[in-house]
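Visitor: Quick one: the structure is below, and I'll ask about it shortly.
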Amino acid sequence: MELREMMTSKKFTRIPLKRLATGHYKTTAKINNTKGDFIIDTGASSTCVAYSFASLFNLELEPSEIKAAGAGASGMETHLSKENDLIIKDQIVPNFTLVLFDLTHVNNALIEVNESPIHGIFGADLLKKCRAVIDYGRNCMYIK
């Protein structure tokens, strides 16, 4: 049985992914009914959105003690935004908490290789919650 057949028979939703020049995978989703582009990062512990897009996604911020690190930056200040609705294709993830911090360094790296900037990163918290299975051979992900 092929992976796609098995996952769809178990009611997983297939999400197409675009492979970027950096080797990352990107998908589109909605936060609070606003569409955005997000990198899939299995090494990121939390799902995050760039501070600069907080108003775009109607995010209510509260201070956080968490310091963000990764992709060449560390010790960055963060905020949290709780109780957000996240929609990936037809799958709804209600009351989801996002971490917000400066993603300028990530977007600058994407621009350097002629890729479009992203709004945020889908991390392990979301991938685990959605029981994500990534099919690297077919550039897609299955979620439930």
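Letters A, B, ... go to the chains of the structure tokens in the order shown; residues in each chain start at 1; ligands are counted from 1 in the same order.
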Excluding same-chain residues fewer than 4 positions from Pro63 (chain A), what lies within 9 Å of it counting only C-alpha atoms, as a ChimeraX atom specification?
Guide: /A:78-80
Visitor: Using only C-alpha atoms, which protein or nucleic acid residues come within 6 Å of region 33-37 of chain A? Drop anything in the same chain fewer than 4 positions from it, and give the result as a list in words.
Guide: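 These residues fall inside the cut-off: Thr27, Thr28, Ala29, Phe57, Ile118 and His119 of chain A.
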Visitor: Could you write those residues out with N, CA, C and O atoms, as a PDB file, in the first residue's frame?
Guide:
ATOM      1  N   THR A  27       4.420  26.021   3.181  1.00  0.00           N
ATOM      2  CA  THR A  27       3.012  25.809   2.881  1.00  0.00           C
ATOM      3  C   THR A  27       2.237  27.074   3.230  1.00  0.00           C
ATOM      4  O   THR A  27       2.767  27.981   3.874  1.00  0.00           O
ATOM      5  N   THR A  28       0.999  27.101   2.811  1.00  0.00           N
ATOM      6  CA  THR A  28       0.113  28.227   3.098  1.00  0.00           C
ATOM      7  C   THR A  28      -0.935  27.774   4.106  1.00  0.00           C
ATOM      8  O   THR A  28      -1.399  26.640   4.060  1.00  0.00           O
ATOM      9  N   ALA A  29      -1.271  28.663   5.008  1.00  0.00           N
ATOM     10  CA  ALA A  29      -2.298  28.372   6.012  1.00  0.00           C
ATOM     11  C   ALA A  29      -2.948  29.689   6.419  1.00  0.00           C
ATOM     12  O   ALA A  29      -2.523  30.760   5.987  1.00  0.00           O
ATOM     13  N   PHE A  57      -2.439  39.268  11.401  1.00  0.00           N
ATOM     14  CA  PHE A  57      -3.160  38.084  11.859  1.00  0.00           C
ATOM     15  C   PHE A  57      -4.051  38.356  13.081  1.00  0.00           C
ATOM     16  O   PHE A  57      -4.580  37.421  13.684  1.00  0.00           O
ATOM     17  N   ILE A 118       8.618  34.777   4.509  1.00  0.00           N
ATOM     18  CA  ILE A 118       7.555  33.989   5.128  1.00  0.00           C
ATOM     19  C   ILE A 118       6.962  34.766   6.304  1.00  0.00           C
ATOM     20  O   ILE A 118       7.569  35.707   6.800  1.00  0.00           O
ATOM     21  N   HIS A 119       5.780  34.354   6.718  1.00  0.00           N
ATOM     22  CA  HIS A 119       5.108  34.988   7.857  1.00  0.00           C
ATOM     23  C   HIS A 119       5.475  34.316   9.174  1.00  0.00           C
ATOM     24  O   HIS A 119       5.383  34.922  10.231  1.00  0.00           O
TER      25      HIS A 119
END
Visitor: Counting only C-alpha atoms, which of A:Val113, A:Val99, A:Asn84, A:Ile40 gets nearest to Tyr136 (chain A)?
Guide: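 Smallest separation from Tyr136 (chain A) among the options: A:Ile40.
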Visitor: What residues in region 15-140 of chain A get the DSSP label strand (DSSP E or B)? Please answer as a VMD selection string.
Guide: chain A and resid 15 to 16 18 to 19 25 to 31 34 to 40 48 to 50 62 to 70 73 to 88 91 to 101 120 to 122 133 to 135 140
Visitor: Next, dump the selected residues to file, keeping only C-alpha atoms, as a compact mmCIF listing (two decimals), in the first residue's frame.
Guide:
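Saved to selection-v4.txt:
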# COMPACT_ATOMS: atom_id res chain seq x y z
CA ILE A 15 -0.99 19.25 2.30
CA PRO A 16 1.22 20.14 -0.68
CA LYS A 18 6.90 23.77 -1.89
CA ARG A 19 10.61 23.05 -1.62
CA TYR A 25 9.52 23.31 2.82
CA LYS A 26 6.80 25.95 2.74
CA THR A 27 3.01 25.81 2.88
CA THR A 28 0.11 28.23 3.10
CA ALA A 29 -2.30 28.37 6.01
CA LYS A 30 -4.65 30.80 7.76
CA ILE A 31 -4.32 32.27 11.22
CA THR A 34 -5.85 35.56 7.32
CA LYS A 35 -3.69 33.69 4.81
CA GLY A 36 0.09 33.43 5.24
CA ASP A 37 3.17 31.46 4.20
CA PHE A 38 4.96 29.23 6.70
CA ILE A 39 8.11 27.14 6.70
CA ILE A 40 7.84 23.62 8.11
CA CYS A 48 5.96 31.18 15.58
CA VAL A 49 4.97 34.27 13.67
CA ALA A 50 7.12 37.31 12.91
CA GLU A 62 1.34 39.04 26.06
CA PRO A 63 4.89 39.11 27.45
CA SER A 64 6.87 35.88 27.56
CA GLU A 65 9.90 34.71 29.54
CA ILE A 66 10.94 32.49 26.62
CA LYS A 67 14.08 33.50 24.73
CA ALA A 68 14.14 32.42 21.10
CA ALA A 69 17.20 30.89 19.45
CA GLY A 70 17.97 29.30 16.12
CA ALA A 73 20.32 34.14 16.22
CA SER A 74 19.86 33.63 19.96
CA GLY A 75 18.50 35.34 23.06
CA MET A 76 15.73 37.11 21.17
CA GLU A 77 12.78 38.57 23.08
CA THR A 78 9.44 36.86 22.48
CA HIS A 79 5.75 37.36 23.11
CA LEU A 80 2.91 34.84 23.18
CA SER A 81 -0.44 34.98 21.47
CA LYS A 82 -3.03 32.53 22.78
CA GLU A 83 -6.38 31.22 21.53
CA ASN A 84 -5.77 31.62 17.81
CA ASP A 85 -7.54 29.64 15.11
CA LEU A 86 -5.17 27.98 12.67
CA ILE A 87 -6.48 26.45 9.44
CA ILE A 88 -4.30 24.28 7.23
CA GLN A 91 -8.05 21.11 9.07
CA ILE A 92 -8.86 23.51 11.93
CA VAL A 93 -6.59 23.77 14.97
CA PRO A 94 -8.54 25.88 17.49
CA ASN A 95 -7.15 27.81 20.49
CA PHE A 96 -3.55 27.54 19.34
CA THR A 97 -0.72 29.43 21.09
CA LEU A 98 1.90 31.13 18.93
CA VAL A 99 5.31 32.54 19.82
CA LEU A 100 6.16 35.88 18.23
CA PHE A 101 9.67 37.15 17.64
CA GLY A 120 6.16 32.31 10.31
CA ILE A 121 7.37 28.82 11.10
CA PHE A 122 5.37 25.69 11.89
CA VAL A 133 3.70 12.85 8.51
CA ILE A 134 6.05 14.46 6.00
CA ASP A 135 6.57 12.74 2.66
CA CYS A 140 3.73 16.89 0.88
Visitor: Neighbours of Arg14 (chain A) within 9 Å (only C-alpha atoms; same-chain residues fewer than 5 positions away dropped), as an NGL selection string?
Guide: :A and (4 or 7-8 or 89 or 140-143)
